[in-house]
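Engineer: Quick one, structure.txt (compact mmCIF, C-alpha atoms):
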```
# COMPACT_ATOMS: atom_id res chain seq x y z
CA MET V 1 -27.69 32.02 7.89
CA GLU V 2 -30.40 29.58 8.94
CA GLU V 3 -31.43 28.83 5.33
CA LYS V 4 -27.90 27.73 4.45
CA ASN V 5 -28.03 24.81 6.84
CA THR V 6 -28.65 21.52 5.12
CA PRO V 7 -31.68 19.71 6.58
CA TRP V 8 -30.58 16.59 8.42
CA SER V 9 -32.41 14.15 6.16
CA LYS V 10 -30.84 15.73 3.08
CA LYS V 11 -27.41 15.71 4.68
CA GLU V 12 -27.80 12.02 5.44
CA ASN V 13 -28.57 11.30 1.79
CA ILE V 14 -25.50 13.21 0.65
CA ASP V 15 -23.32 11.33 3.11
CA LYS V 16 -24.70 8.02 1.94
CA LYS V 17 -24.17 8.90 -1.74
CA GLU V 18 -20.62 10.07 -1.11
CA SER V 19 -19.65 6.99 0.84
CA ASP V 20 -21.16 4.57 -1.70
CA ASN V 21 -17.94 4.26 -3.63
CA VAL V 22 -15.91 3.54 -0.49
CA ILE V 23 -15.21 -0.10 0.41
CA PHE V 24 -13.98 -0.74 3.95
CA ILE V 25 -11.96 -3.95 4.27
CA GLY V 26 -12.71 -6.14 7.28
CA GLU V 27 -13.29 -9.74 8.37
CA LYS V 28 -15.54 -10.83 5.47
CA PRO V 29 -14.25 -13.17 2.72
CA LEU V 30 -12.11 -11.54 0.01
CA VAL V 31 -14.72 -12.21 -2.67
CA ASN V 32 -17.31 -10.02 -0.91
CA TYR V 33 -15.10 -6.95 -1.23
CA ILE V 34 -14.14 -7.75 -4.83
CA ARG V 35 -17.83 -8.07 -5.66
CA GLY V 36 -18.40 -4.71 -3.95
CA VAL V 37 -15.81 -3.03 -6.18
CA MET V 38 -17.23 -4.65 -9.33
CA THR V 39 -20.78 -3.58 -8.43
CA GLN V 40 -19.69 0.03 -7.96
CA PHE V 41 -18.08 0.18 -11.39
CA ASN V 42 -20.44 -2.02 -13.41
CA ARG V 43 -23.84 -1.41 -11.88
CA HIS V 44 -23.57 2.02 -10.26
CA GLY V 45 -21.28 3.54 -12.91
CA ALA V 46 -18.79 4.82 -10.34
CA GLU V 47 -15.86 6.85 -11.71
CA GLU V 48 -13.70 5.91 -8.74
CA VAL V 49 -13.78 3.37 -5.94
CA ILE V 50 -11.75 3.91 -2.78
CA ILE V 51 -10.64 0.83 -0.87
CA LYS V 52 -9.95 1.77 2.77
CA SER V 53 -8.14 -0.45 5.25
CA ARG V 54 -6.35 -0.39 8.57
CA GLY V 55 -3.78 -2.54 10.37
CA LYS V 56 -3.79 -6.23 9.48
CA PHE V 57 -6.48 -5.70 6.80
CA ILE V 58 -4.07 -3.70 4.63
CA SER V 59 -2.69 -6.90 3.00
CA LYS V 60 -6.24 -7.98 2.17
CA ALA V 61 -7.00 -4.54 0.68
CA VAL V 62 -4.07 -4.93 -1.73
CA ASP V 63 -5.44 -8.36 -2.76
CA VAL V 64 -8.87 -6.81 -3.38
CA ALA V 65 -7.31 -4.01 -5.46
CA GLU V 66 -5.11 -6.36 -7.49
CA VAL V 67 -7.88 -8.87 -8.27
CA SER V 68 -10.34 -6.07 -9.12
CA LYS V 69 -7.78 -4.38 -11.36
CA ARG V 70 -7.17 -7.63 -13.28
CA SER V 71 -10.92 -8.20 -13.72
CA LEU V 72 -11.59 -4.61 -14.80
CA GLU V 73 -8.52 -3.82 -16.89
CA LYS V 74 -10.42 -4.26 -20.19
CA GLN V 75 -12.61 -1.38 -19.01
CA GLY V 76 -9.55 0.76 -18.46
CA ILE V 77 -9.66 0.62 -14.66
CA ILE V 78 -6.27 1.11 -13.03
CA ILE V 79 -4.92 1.73 -9.54
CA LYS V 80 -4.74 5.54 -9.63
CA ASN V 81 -3.31 6.30 -6.23
CA ILE V 82 -2.21 4.65 -3.00
CA THR V 83 -1.71 6.63 0.19
CA THR V 84 -0.88 5.57 3.73
CA SER V 85 -1.29 7.38 7.02
CA SER V 86 -1.21 6.74 10.76
CA GLU V 87 -4.11 7.06 13.14
CA SER V 88 -3.31 7.72 16.77
CA PHE V 89 -5.51 6.61 19.66
CA GLU V 90 -5.29 5.78 23.35
CA VAL V 91 -5.57 2.22 24.70
CA GLN V 92 -5.48 1.85 28.49
CA GLY V 93 -3.74 5.21 28.87
CA LYS V 94 -1.10 4.34 26.27
CA GLN V 95 -0.79 6.15 22.93
CA THR V 96 -0.99 3.70 20.04
CA ASN V 97 -0.65 4.19 16.30
CA ILE V 98 -2.34 2.16 13.60
CA SER V 99 -1.42 2.38 9.93
CA SER V 100 -4.15 2.96 7.39
CA MET V 101 -4.24 2.85 3.60
CA HIS V 102 -6.45 4.22 0.83
CA ILE V 103 -6.30 2.68 -2.63
CA VAL V 104 -8.09 4.59 -5.40
CA LEU V 105 -9.24 2.58 -8.42
CA GLY V 106 -10.51 4.41 -11.48
CA ARG V 107 -10.04 5.31 -15.14
CA MET D 108 32.00 -6.03 -28.09
CA GLU D 109 34.00 -8.11 -25.62
CA GLU D 110 35.38 -5.08 -23.77
CA LYS D 111 31.87 -3.82 -23.03
CA ASN D 112 31.10 -6.84 -20.84
CA THR D 113 31.27 -6.12 -17.15
CA PRO D 114 33.62 -8.55 -15.35
CA TRP D 115 31.68 -10.84 -13.05
CA SER D 116 33.33 -9.61 -9.84
CA LYS D 117 32.54 -6.01 -10.77
CA LYS D 118 28.98 -6.92 -11.69
CA GLU D 119 28.51 -8.57 -8.31
CA ASN D 120 29.65 -5.40 -6.55
CA ILE D 121 27.21 -3.30 -8.55
CA ASP D 122 24.37 -5.68 -7.73
CA LYS D 123 25.23 -5.54 -4.06
CA LYS D 124 25.42 -1.77 -4.03
CA GLU D 125 22.10 -1.46 -5.85
CA SER D 126 20.28 -3.80 -3.52
CA ASP D 127 21.66 -2.18 -0.36
CA ASN D 128 18.82 0.29 -0.18
CA VAL D 129 16.15 -2.41 -0.53
CA ILE D 130 14.53 -3.73 2.66
CA PHE D 131 12.57 -6.99 2.32
CA ILE D 132 9.89 -7.41 4.96
CA GLY D 133 9.57 -10.84 6.58
CA GLU D 134 9.16 -12.61 9.91
CA LYS D 135 11.61 -10.50 11.97
CA PRO D 136 10.36 -7.99 14.57
CA LEU D 137 9.15 -4.66 13.20
CA VAL D 138 11.97 -2.74 14.88
CA ASN D 139 14.62 -4.62 12.87
CA TYR D 140 13.24 -3.31 9.58
CA ILE D 141 12.78 0.21 10.93
CA ARG D 142 16.40 0.17 12.08
CA GLY D 143 17.37 -1.05 8.58
CA VAL D 144 15.65 1.94 6.97
CA MET D 145 17.20 4.41 9.44
CA THR D 146 20.69 2.97 8.86
CA GLN D 147 20.35 3.36 5.11
CA PHE D 148 19.45 7.02 5.39
CA ASN D 149 21.60 8.07 8.36
CA ARG D 150 24.72 5.99 8.06
CA HIS D 151 24.91 5.09 4.36
CA GLY D 152 23.50 8.37 3.06
CA ALA D 153 20.93 6.66 0.84
CA GLU D 154 18.81 8.95 -1.32
CA GLU D 155 16.00 6.42 -1.44
CA VAL D 156 15.03 3.27 0.41
CA ILE D 157 12.65 0.75 -1.14
CA ILE D 158 10.56 -1.37 1.22
CA LYS D 159 9.46 -4.55 -0.58
CA SER D 160 6.79 -6.92 0.72
CA ARG D 161 4.49 -9.72 -0.36
CA GLY D 162 1.25 -11.25 0.88
CA LYS D 163 0.62 -11.02 4.62
CA PHE D 164 3.80 -8.96 5.14
CA ILE D 165 2.30 -6.01 3.26
CA SER D 166 0.58 -4.69 6.43
CA LYS D 167 3.89 -4.84 8.27
CA ALA D 168 5.63 -3.00 5.42
CA VAL D 169 3.17 -0.12 5.78
CA ASP D 170 3.91 0.00 9.53
CA VAL D 171 7.66 0.11 8.79
CA ALA D 172 7.14 2.92 6.26
CA GLU D 173 4.89 4.96 8.56
CA VAL D 174 7.13 4.69 11.62
CA SER D 175 10.25 5.44 9.55
CA LYS D 176 8.56 8.44 7.94
CA ARG D 177 7.62 9.86 11.36
CA SER D 178 11.17 9.38 12.66
CA LEU D 179 12.78 10.90 9.57
CA GLU D 180 10.36 13.69 8.71
CA LYS D 181 12.66 16.38 10.15
CA GLN D 182 15.21 15.27 7.54
CA GLY D 183 12.64 15.78 4.82
CA ILE D 184 12.03 12.06 4.17
CA ILE D 185 8.59 11.31 2.76
CA ILE D 186 6.81 8.36 1.17
CA LYS D 187 7.49 9.14 -2.49
CA ASN D 188 5.68 6.31 -4.19
CA ILE D 189 3.68 3.16 -3.49
CA THR D 190 3.05 0.55 -6.16
CA THR D 191 1.41 -2.86 -6.04
CA SER D 192 1.61 -5.79 -8.41
CA SER D 193 0.74 -9.48 -8.58
CA GLU D 194 3.18 -12.34 -8.88
CA SER D 195 1.90 -15.55 -10.42
CA PHE D 196 3.26 -18.97 -9.56
CA GLU D 197 2.24 -22.63 -9.59
CA VAL D 198 1.50 -24.59 -6.41
CA GLN D 199 0.70 -28.30 -6.89
CA GLY D 200 -0.31 -27.69 -10.50
CA LYS D 201 -2.60 -24.80 -9.57
CA GLN D 202 -1.94 -21.21 -10.66
CA THR D 203 -1.77 -18.88 -7.65
CA ASN D 204 -1.33 -15.12 -7.39
CA ILE D 205 0.32 -13.25 -4.58
CA SER D 206 0.14 -9.47 -4.17
CA SER D 207 3.33 -7.53 -3.71
CA MET D 208 4.06 -3.93 -2.79
CA HIS D 209 6.98 -1.51 -3.14
CA ILE D 210 7.11 1.59 -0.95
CA VAL D 211 9.73 4.20 -1.88
CA LEU D 212 10.93 6.50 0.89
CA GLY D 213 13.10 9.49 0.00
CA ARG D 214 13.48 13.26 -0.18
```
Let me see the file written as structure tokens.
Structural biologist:
Amino acid sequence: MEEKNTPWSKKENIDKKESDNVIFIGEKPLVNYIRGVMTQFNRHGAEEVIIKSRGKFISKAVDVAEVSKRSLEKQGIIIKNITTSSESFEVQGKQTNISSMHIVLGR
Amino acid sequence: MEEKNTPWSKKENIDKKESDNVIFIGEKPLVNYIRGVMTQFNRHGAEEVIIKSRGKFISKAVDVAEVSKRSLEKQGIIIKNITTSSESFEVQGKQTNISSMHIVLGR
């Protein structure tokens, strides 16, 4: 079974490639994330871009998706899917939930 | 064609009934909106509840939807659909867009 294992360096490359079309929304200005989406579609020829966000950044993620959609609609890019989920974790012995959202943009 | 017009009082009732299962997210505490969703399903027998939000309240709307879904999952309530859009308006002569989101909960 040894030969089936992916060498670490190769695995790393795959991970990087797969996560390239994922934009995580955080503290940076809105325009940075919009530029990230545009670059994925226009320069890297991505078929899909996934905008991921959590908690208070969810509102910002919707702004990024809406602005990107307007800028890319002539290229046939639409919001294909929106899903939400909850992530559970422990803070000072107390169970806490945080909402998260994935927005998929594509043709 | 006169007889086809809905009398105003009747129309008002229809409007009220139709909007009963819509929860608008705003400044109130999270629990108020969650209670609103629960009441629609459990007391008023709603088939669907639509959670509407705009701008910074979008994050809160996702929290309301996620908590409600967890509380109602034994009754078969799921998040059926999520859509986003942009509303355009003028502030001091400048065109501004605000993102909005509709989350549909139902069976």
Engineer: After a least-squares superposition on chain D using every in-order C-alpha pair, I'd like chain V written out as an mmCIF file with C-alpha atoms, keeping the file's coordinate frame.
Structural biologist:
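Output file result09.cif follows:
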```cif
data_model
loop_
_atom_site.group_PDB
_atom_site.id
_atom_site.type_symbol
_atom_site.label_atom_id
_atom_site.label_comp_id
_atom_site.auth_asym_id
_atom_site.auth_seq_id
_atom_site.Cartn_x
_atom_site.Cartn_y
_atom_site.Cartn_z
ATOM 1 C CA MET V 1 31.877 -7.098 -27.980
ATOM 2 C CA GLU V 2 33.834 -9.124 -25.437
ATOM 3 C CA GLU V 3 35.266 -6.010 -23.732
ATOM 4 C CA LYS V 4 31.779 -4.664 -23.046
ATOM 5 C CA ASN V 5 30.929 -7.547 -20.762
ATOM 6 C CA THR V 6 31.147 -6.655 -17.112
ATOM 7 C CA PRO V 7 33.473 -9.017 -15.215
ATOM 8 C CA TRP V 8 31.484 -11.163 -12.813
ATOM 9 C CA SER V 9 33.130 -9.833 -9.662
ATOM 10 C CA LYS V 10 32.433 -6.254 -10.735
ATOM 11 C CA LYS V 11 28.855 -7.101 -11.632
ATOM 12 C CA GLU V 12 28.367 -8.620 -8.197
ATOM 13 C CA ASN V 13 29.561 -5.410 -6.554
ATOM 14 C CA ILE V 14 27.164 -3.327 -8.626
ATOM 15 C CA ASP V 15 24.280 -5.611 -7.729
ATOM 16 C CA LYS V 16 25.139 -5.404 -4.062
ATOM 17 C CA LYS V 17 25.404 -1.594 -4.159
ATOM 18 C CA GLU V 18 22.107 -1.256 -5.998
ATOM 19 C CA SER V 19 20.233 -3.526 -3.638
ATOM 20 C CA ASP V 20 21.620 -1.858 -0.495
ATOM 21 C CA ASN V 21 18.762 0.586 -0.279
ATOM 22 C CA VAL V 22 16.145 -2.158 -0.627
ATOM 23 C CA ILE V 23 14.591 -3.582 2.552
ATOM 24 C CA PHE V 24 12.698 -6.856 2.166
ATOM 25 C CA ILE V 25 10.050 -7.374 4.851
ATOM 26 C CA GLY V 26 9.844 -10.838 6.393
ATOM 27 C CA GLU V 27 9.504 -12.695 9.698
ATOM 28 C CA LYS V 28 11.931 -10.575 11.765
ATOM 29 C CA PRO V 29 10.663 -8.124 14.428
ATOM 30 C CA LEU V 30 9.365 -4.776 13.131
ATOM 31 C CA VAL V 31 12.188 -2.859 14.803
ATOM 32 C CA ASN V 32 14.843 -4.650 12.719
ATOM 33 C CA TYR V 33 13.377 -3.305 9.486
ATOM 34 C CA ILE V 34 12.875 0.192 10.915
ATOM 35 C CA ARG V 35 16.511 0.182 12.006
ATOM 36 C CA GLY V 36 17.457 -0.928 8.483
ATOM 37 C CA VAL V 37 15.656 2.060 6.957
ATOM 38 C CA MET V 38 17.216 4.486 9.456
ATOM 39 C CA THR V 39 20.713 3.111 8.798
ATOM 40 C CA GLN V 40 20.308 3.575 5.048
ATOM 41 C CA PHE V 41 19.342 7.223 5.421
ATOM 42 C CA ASN V 42 21.509 8.262 8.373
ATOM 43 C CA ARG V 43 24.667 6.224 7.989
ATOM 44 C CA HIS V 44 24.831 5.384 4.284
ATOM 45 C CA GLY V 45 23.355 8.684 3.055
ATOM 46 C CA ALA V 46 20.788 6.965 0.841
ATOM 47 C CA GLU V 47 18.589 9.264 -1.271
ATOM 48 C CA GLU V 48 15.830 6.667 -1.390
ATOM 49 C CA VAL V 49 14.941 3.473 0.428
ATOM 50 C CA ILE V 50 12.573 0.952 -1.135
ATOM 51 C CA ILE V 51 10.572 -1.251 1.212
ATOM 52 C CA LYS V 52 9.501 -4.426 -0.628
ATOM 53 C CA SER V 53 6.903 -6.869 0.651
ATOM 54 C CA ARG V 54 4.645 -9.684 -0.448
ATOM 55 C CA GLY V 55 1.437 -11.308 0.794
ATOM 56 C CA LYS V 56 0.851 -11.166 4.542
ATOM 57 C CA PHE V 57 3.993 -9.034 5.074
ATOM 58 C CA ILE V 58 2.420 -6.078 3.256
ATOM 59 C CA SER V 59 0.710 -4.850 6.476
ATOM 60 C CA LYS V 60 4.057 -4.979 8.275
ATOM 61 C CA ALA V 61 5.725 -3.039 5.431
ATOM 62 C CA VAL V 62 3.209 -0.208 5.879
ATOM 63 C CA ASP V 63 4.011 -0.156 9.628
ATOM 64 C CA VAL V 64 7.737 0.045 8.833
ATOM 65 C CA ALA V 65 7.131 2.897 6.363
ATOM 66 C CA GLU V 66 4.865 4.838 8.726
ATOM 67 C CA VAL V 67 7.164 4.544 11.760
ATOM 68 C CA SER V 68 10.241 5.403 9.661
ATOM 69 C CA LYS V 69 8.472 8.396 8.132
ATOM 70 C CA ARG V 70 7.543 9.737 11.590
ATOM 71 C CA SER V 71 11.123 9.292 12.843
ATOM 72 C CA LEU V 72 12.667 10.886 9.747
ATOM 73 C CA GLU V 73 10.200 13.665 8.967
ATOM 74 C CA LYS V 74 12.485 16.365 10.444
ATOM 75 C CA GLN V 75 14.986 15.344 7.764
ATOM 76 C CA GLY V 76 12.370 15.847 5.090
ATOM 77 C CA ILE V 77 11.829 12.148 4.381
ATOM 78 C CA ILE V 78 8.388 11.362 2.993
ATOM 79 C CA ILE V 79 6.639 8.403 1.389
ATOM 80 C CA LYS V 80 7.245 9.260 -2.279
ATOM 81 C CA ASN V 81 5.462 6.430 -4.011
ATOM 82 C CA ILE V 82 3.542 3.233 -3.335
ATOM 83 C CA THR V 83 2.937 0.652 -6.041
ATOM 84 C CA THR V 84 1.346 -2.784 -5.959
ATOM 85 C CA SER V 85 1.569 -5.677 -8.377
ATOM 86 C CA SER V 86 0.754 -9.376 -8.623
ATOM 87 C CA GLU V 87 3.232 -12.185 -9.002
ATOM 88 C CA SER V 88 2.000 -15.382 -10.587
ATOM 89 C CA PHE V 89 3.432 -18.815 -9.821
ATOM 90 C CA GLU V 90 2.452 -22.474 -9.896
ATOM 91 C CA VAL V 91 1.787 -24.513 -6.737
ATOM 92 C CA GLN V 92 1.009 -28.205 -7.255
ATOM 93 C CA GLY V 93 -0.059 -27.572 -10.849
ATOM 94 C CA LYS V 94 -2.361 -24.709 -9.851
ATOM 95 C CA GLN V 95 -1.753 -21.091 -10.882
ATOM 96 C CA THR V 96 -1.580 -18.828 -7.842
ATOM 97 C CA ASN V 97 -1.201 -15.073 -7.519
ATOM 98 C CA ILE V 98 0.464 -13.213 -4.685
ATOM 99 C CA SER V 99 0.217 -9.461 -4.213
ATOM 100 C CA SER V 100 3.384 -7.461 -3.754
ATOM 101 C CA MET V 101 4.067 -3.861 -2.775
ATOM 102 C CA HIS V 102 6.928 -1.384 -3.106
ATOM 103 C CA ILE V 103 7.037 1.672 -0.867
ATOM 104 C CA VAL V 104 9.601 4.338 -1.785
ATOM 105 C CA LEU V 105 10.801 6.619 1.016
ATOM 106 C CA GLY V 106 12.893 9.653 0.157
ATOM 107 C CA ARG V 107 13.216 13.436 0.046
#
```
Engineer: Taking only C-alpha atoms into account and nothing else, which residues of chain D lie no more than 6 Å away from chain V? Please answer as a list in words.
Structural biologist: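 The selection requested is Lys163, Ile165, Ser166, Asp170 and Ser206 of chain D.
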Engineer: Rounded to one decimal in Å, what is the spacing between atom CA of V:Lys74 and atom CA of D:Ile210?
Structural biologist: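 Between atom CA of V:Lys74 and atom CA of D:Ile210 the gap is 26.7 Å.
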Engineer: Between D:Ile185, D:Leu137, D:Leu179, D:Met145, single out the one closest to D:Leu212, counting all atoms listed in the file.
Structural biologist: D:Ile185
Engineer: Please indicate the distance in Å from atom CA of D:Glu194 to atom CA of V:Ser68, rounded to one decimal place.
Structural biologist: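 Between these atoms lies a distance of 14.9 Å.
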Engineer: Hey, what's within 6 Å of stretch 40-51 of chain V if we count all atoms listed in the file and toss same-chain stuff fewer than 3 positions away? As a PyMOL selection string, please?
Structural biologist: chain V and resi 21-23+37+102-106
Engineer: So the first atom is atom CA of V:Lys28 and the second is atom CA of V:Lys52; what is the distance between them in Å, to one decimal place?
Structural biologist: 14.0 Å
